[in-house]
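First up is the structure itself, then whatever we jot down about it.
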Amino acid sequence: MTQERNYTPNTGGDRSIHLVGHVGRVVGCCRDLLGGCVRALAGSGGHCCGQPEGSVMGCTGGSVIALAGNPNTGKSTIFNALTGSHQHVGNWPGKTVEQKAGILKHDGQEIVVVDLPGTYSLSACSLEEQIARDFIVKAHPRVVVNVLDSTNLERNLYLTAQILEIGVPMIIVLNMRDLAEARGISIDIHRLAQQLHNTPVISVAASREQGLAELKQTIATFMTPQPQVACRLDLVA
Amino acid sequence: MSSTTQQMTLDQVPVGKQVTVVRVGGEKVTRRRLLDMGLVAGETVIVQGVAPLGDPINILVKSYSLALRKREACQITVEVQV
């Protein structure tokens with residue numbers, strides 16, 4: 001934990017403390033609101049991802065990333081592939097109604113991955129969407145992994161544009177590459193990355209575990225200490 | 001004679017017809033959701049199918065299928081070429 005504190009920039013240190021508190025609060029409040037079914041999970045003696053309660057929060061130190069995207073784009077599949085957990089995955093939208101956290105171990109680093117409910121936009125109308133929006137906007141994850149359905153880019157990119165607008169660091173994951181290929185859709189990811197202000201774009205097929213190594217690598221680049229000089233100047237100015 | 005357009009609500013559009021969205025109305029939350037999903041003014045949609053009892057209807061918007069209840073579809077004003 002101390003080590004992780006070290007490579008957070010000055011501003012990040014405070015932020016990580018705020019973040020840990022916030023994770024707890026959001027989970028707590030959606031538990032209260034969702035009532036029965038979620039309380040049953042809480043009552044089963046641990047966090048819903050099987051981690052003992054508190055352990056997820058305890059080791060964060062600010063290395064938190066969030067999975068966000070439209071409903072039914074494969075966020076939970078990617079979550080499971082990254083964290084090795086066995087979150088329930090279903091082929092219907094609206095399955096994840098609260099955020100779930102798990103740990104990705106990469107090169108000896110522990111990164112907390114938060115699986116958010118699917119949302120079409122940041123102007124949330126339902127409770128799940130509000131949870132997703134609040135986490136992206138208020139919890140300041142180190143990076144937001146925006147999962148897109150490659151077969152349905154146009155609609156999916158609306159949320160991407162909104163996340164870009166609020167200026168959160170982002171990685172774009174074009175999931176379901178296999179399905180897109182089968183439908184004869186080919187995506188020029190370099191051009192897409194260019195048009196989205198050089199946001200990293202990665203094409204994966206999470207259910208076939210294709211492209212996940214590259215995704216982990218890209219996530220890791222957001223975790224390493226970066227000379228935050230420009231960023232600090234911005235903050236000062 | 002040049003083609004003219006006719007306005008109607010989406011639930012009145014015959015299957016297979018391509019129409020342009022003019023206005024999305026309805027309750028605030030539903031309207032917001034429909035706009036988020038890409039059903040915005042100027043968008044071209046195709047009515048793909050109507051369930052046997054006329055509700056729900058299936059439309060193609062931004063190259064994906066979207067099912068709407070009749071009460072949602074009747075809040076959407078569209079323009080049809082006649």
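All residue names refer to the structure tokens as shown: chains lettered A, B, ... in order, residues numbered from 1 in each chain, ligands numbered from 1 in order.
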message = Quick one: residues within 8 Å of B:Glu79, only C-alpha atoms, excluding same-chain residues fewer than 5 positions away - as a count of residues only?
response = 8
Chain A contacts to chain B at 8 Å (only C-alpha atoms) as a list in words = Tyr120, Ser121, Cys125, Asn152, Glu154, Arg155 and Tyr158 of chain A
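Rounded to one decimal, atom CA of A:Ile131 and atom CA of A:Pro169 lie 18.8 Å from each other.
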According to DSSP computed on the backbone, where in stretch 11-78 of chain B is there alpha helix (DSSP H)? Give the residues as a PDB file with N, CA and C atoms, in the first residue's frame.
```pdb
ATOM      1  N   LYS B  28     -40.758  12.051 -19.603  1.00  0.00           N
ATOM      2  CA  LYS B  28     -39.384  12.543 -19.610  1.00  0.00           C
ATOM      3  C   LYS B  28     -38.345  11.417 -19.593  1.00  0.00           C
ATOM      4  N   VAL B  29     -38.542  10.461 -18.693  1.00  0.00           N
ATOM      5  CA  VAL B  29     -37.552   9.389 -18.534  1.00  0.00           C
ATOM      6  C   VAL B  29     -37.480   8.513 -19.784  1.00  0.00           C
ATOM      7  N   THR B  30     -38.654   8.148 -20.307  1.00  0.00           N
ATOM      8  CA  THR B  30     -38.696   7.312 -21.505  1.00  0.00           C
ATOM      9  C   THR B  30     -38.075   8.036 -22.686  1.00  0.00           C
ATOM     10  N   ARG B  31     -38.402   9.299 -22.812  1.00  0.00           N
ATOM     11  CA  ARG B  31     -37.902  10.097 -23.922  1.00  0.00           C
ATOM     12  C   ARG B  31     -36.379  10.179 -23.859  1.00  0.00           C
ATOM     13  N   ARG B  32     -35.867  10.444 -22.671  1.00  0.00           N
ATOM     14  CA  ARG B  32     -34.427  10.533 -22.443  1.00  0.00           C
ATOM     15  C   ARG B  32     -33.747   9.230 -22.895  1.00  0.00           C
ATOM     16  N   ARG B  33     -34.346   8.116 -22.488  1.00  0.00           N
ATOM     17  CA  ARG B  33     -33.777   6.814 -22.811  1.00  0.00           C
ATOM     18  C   ARG B  33     -33.765   6.578 -24.324  1.00  0.00           C
ATOM     19  N   LEU B  34     -34.864   6.913 -24.960  1.00  0.00           N
ATOM     20  CA  LEU B  34     -34.943   6.710 -26.408  1.00  0.00           C
ATOM     21  C   LEU B  34     -33.914   7.571 -27.138  1.00  0.00           C
ATOM     22  N   LEU B  35     -33.740   8.800 -26.665  1.00  0.00           N
ATOM     23  CA  LEU B  35     -32.738   9.678 -27.276  1.00  0.00           C
ATOM     24  C   LEU B  35     -31.335   9.099 -27.070  1.00  0.00           C
ATOM     25  N   ASP B  36     -31.078   8.591 -25.844  1.00  0.00           N
ATOM     26  CA  ASP B  36     -29.770   7.992 -25.546  1.00  0.00           C
ATOM     27  C   ASP B  36     -29.486   6.812 -26.464  1.00  0.00           C
ATOM     28  N   LYS B  70     -46.273  -0.132 -28.025  1.00  0.00           N
ATOM     29  CA  LYS B  70     -47.104   0.755 -28.835  1.00  0.00           C
ATOM     30  C   LYS B  70     -47.229   2.131 -28.192  1.00  0.00           C
ATOM     31  N   ARG B  71     -47.340   2.120 -26.861  1.00  0.00           N
ATOM     32  CA  ARG B  71     -47.524   3.421 -26.205  1.00  0.00           C
ATOM     33  C   ARG B  71     -46.270   4.295 -26.284  1.00  0.00           C
ATOM     34  N   GLU B  72     -45.099   3.647 -26.484  1.00  0.00           N
ATOM     35  CA  GLU B  72     -43.898   4.448 -26.706  1.00  0.00           C
ATOM     36  C   GLU B  72     -43.851   4.898 -28.167  1.00  0.00           C
ATOM     37  N   ALA B  73     -44.192   3.943 -29.061  1.00  0.00           N
ATOM     38  CA  ALA B  73     -44.125   4.245 -30.504  1.00  0.00           C
ATOM     39  C   ALA B  73     -45.088   5.358 -30.877  1.00  0.00           C
TER      40      ALA B  73
END
```
query = Distance atom CA of B:Ala41-atom CA of B:Ile76, one decimal place?
reply = 9.6 Å
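Pairwise distance (atom CA of A:Leu148, atom CA of A:Ala81) equals 16.0 Å.
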ask   = Between B:Val24, B:Val82, B:Val40, B:Leu10, which has the minimum distance to B:Pro56 (counting only C-alpha atoms)?
value =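 Using only C-alpha atoms, B:Pro56 sits closest to B:Leu10.
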request  = Measuring atom to atom with only C-alpha atoms, identify which of B:Leu66, B:Val78, B:Ile59, B:Val15 is nearest to B:Gly42.
outcome  =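 Checking each candidate against B:Gly42, we get B:Val78 as the closest.
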inquiry  = DSSP on the backbone, strand (DSSP E) only: what residues of chain B does that give? Format it as a ChimeraX atom specification.
reply    = /B:5-9,18-24,44-50,57-61,64-68,76-81
Output of the above residues as a CSV table (one decimal), in the first residue's frame, restricted to N, CA and C atoms:
```csv
chain,number,residue,atom,x,y,z
B,5,THR,N,-44.2,14.4,-48.3
B,5,THR,CA,-44.1,13.7,-47.1
B,5,THR,C,-45.3,13.8,-46.2
B,6,GLN,N,-45.5,12.8,-45.4
B,6,GLN,CA,-46.7,12.8,-44.6
B,6,GLN,C,-46.2,12.4,-43.2
B,7,GLN,N,-46.7,13.1,-42.2
B,7,GLN,CA,-46.3,12.8,-40.8
B,7,GLN,C,-47.3,11.9,-40.2
B,8,MET,N,-46.8,11.0,-39.4
B,8,MET,CA,-47.7,10.1,-38.6
B,8,MET,C,-46.9,9.6,-37.4
B,9,THR,N,-47.5,8.9,-36.5
B,9,THR,CA,-46.7,8.4,-35.4
B,9,THR,C,-46.2,7.0,-35.7
B,18,GLN,N,-39.5,2.7,-44.6
B,18,GLN,CA,-38.4,3.5,-44.0
B,18,GLN,C,-38.9,4.9,-43.7
B,19,VAL,N,-38.7,5.4,-42.5
B,19,VAL,CA,-39.2,6.7,-42.1
B,19,VAL,C,-38.1,7.5,-41.4
B,20,THR,N,-38.3,8.8,-41.3
B,20,THR,CA,-37.4,9.7,-40.6
B,20,THR,C,-38.0,10.3,-39.4
B,21,VAL,N,-37.3,10.2,-38.3
B,21,VAL,CA,-37.8,10.7,-37.0
B,21,VAL,C,-37.9,12.2,-37.0
B,22,VAL,N,-39.1,12.7,-36.6
B,22,VAL,CA,-39.3,14.2,-36.6
B,22,VAL,C,-39.2,14.6,-35.1
B,23,ARG,N,-39.9,13.9,-34.3
B,23,ARG,CA,-40.0,14.4,-32.9
B,23,ARG,C,-40.2,13.2,-32.0
B,24,VAL,N,-39.5,13.2,-30.8
B,24,VAL,CA,-39.7,12.1,-29.8
B,24,VAL,C,-40.3,12.7,-28.6
B,44,THR,N,-32.9,7.9,-39.5
B,44,THR,CA,-33.7,7.1,-40.4
B,44,THR,C,-34.0,5.8,-39.7
B,45,VAL,N,-35.2,5.3,-39.6
B,45,VAL,CA,-35.5,4.0,-39.0
B,45,VAL,C,-36.4,3.2,-40.0
B,46,ILE,N,-36.3,1.9,-39.9
B,46,ILE,CA,-37.1,1.0,-40.7
B,46,ILE,C,-38.0,0.2,-39.7
B,47,VAL,N,-39.3,0.1,-40.0
B,47,VAL,CA,-40.1,-0.7,-39.2
B,47,VAL,C,-39.9,-2.2,-39.7
B,48,GLN,N,-39.4,-3.0,-38.8
B,48,GLN,CA,-39.0,-4.4,-39.3
B,48,GLN,C,-40.2,-5.4,-39.1
B,49,GLY,N,-41.0,-5.1,-38.0
B,49,GLY,CA,-42.0,-6.1,-37.8
B,49,GLY,C,-43.0,-5.6,-36.7
B,50,VAL,N,-44.2,-6.2,-36.7
B,50,VAL,CA,-45.2,-5.8,-35.7
B,50,VAL,C,-45.7,-7.1,-35.2
B,57,ILE,N,-43.6,-3.4,-31.4
B,57,ILE,CA,-43.1,-3.3,-32.8
B,57,ILE,C,-41.6,-3.3,-32.8
B,58,ASN,N,-41.0,-3.8,-33.8
B,58,ASN,CA,-39.6,-3.9,-33.9
B,58,ASN,C,-39.1,-3.0,-35.0
B,59,ILE,N,-38.1,-2.1,-34.6
B,59,ILE,CA,-37.6,-1.2,-35.6
B,59,ILE,C,-36.1,-1.3,-35.7
B,60,LEU,N,-35.5,-0.9,-36.9
B,60,LEU,CA,-34.1,-0.9,-37.1
B,60,LEU,C,-33.6,0.5,-37.0
B,61,VAL,N,-32.8,0.8,-36.0
B,61,VAL,CA,-32.2,2.1,-35.8
B,61,VAL,C,-30.7,2.0,-35.6
B,64,TYR,N,-29.2,-1.4,-35.5
B,64,TYR,CA,-29.5,-2.5,-34.5
B,64,TYR,C,-31.1,-2.5,-34.3
B,65,SER,N,-31.5,-3.7,-33.8
B,65,SER,CA,-33.0,-3.8,-33.6
B,65,SER,C,-33.4,-3.3,-32.3
B,66,LEU,N,-34.5,-2.6,-32.3
B,66,LEU,CA,-35.1,-2.1,-31.1
B,66,LEU,C,-36.5,-2.4,-31.0
B,67,ALA,N,-37.0,-2.9,-29.9
B,67,ALA,CA,-38.4,-3.2,-29.8
B,67,ALA,C,-39.1,-2.1,-28.9
B,68,LEU,N,-40.2,-1.6,-29.4
B,68,LEU,CA,-40.9,-0.6,-28.7
B,68,LEU,C,-42.3,-1.0,-28.4
B,76,ILE,N,-43.8,8.9,-30.9
B,76,ILE,CA,-42.7,9.3,-31.8
B,76,ILE,C,-43.3,9.7,-33.2
B,77,THR,N,-43.1,10.9,-33.5
B,77,THR,CA,-43.6,11.4,-34.8
B,77,THR,C,-42.6,11.2,-35.9
B,78,VAL,N,-43.0,10.6,-37.0
B,78,VAL,CA,-42.1,10.4,-38.1
B,78,VAL,C,-42.6,10.9,-39.4
B,79,GLU,N,-41.8,11.0,-40.3
B,79,GLU,CA,-42.1,11.5,-41.7
B,79,GLU,C,-42.0,10.4,-42.7
B,80,VAL,N,-43.0,10.2,-43.5
B,80,VAL,CA,-43.0,9.1,-44.5
B,80,VAL,C,-43.0,9.7,-45.8
B,81,GLN,N,-42.2,9.2,-46.8
B,81,GLN,CA,-42.3,9.7,-48.2
B,81,GLN,C,-43.5,9.0,-48.8
```
task = Check the smallest atom-to-atom distance from each of A:Val145, A:Gln130, A:Met223, A:Ala124 to A:Gly108 using only C-alpha atoms, then report the winner.
result =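 Checking each candidate against A:Gly108, we get A:Met223 as the closest.
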key: Distance criterion (only C-alpha atoms): nearest to B:Val13 out of B:Arg69, B:Glu43, B:Cys74, B:Pro52   =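 Ranking B:Arg69, B:Glu43, B:Cys74, B:Pro52 by distance to B:Val13, first place goes to B:Cys74.
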task = Name the closest residue to A:Ile163 among the candidates A:His140, A:His86, A:Arg191, A:His106; distances are taken between atoms, counting only C-alpha atoms.
result = A:His140
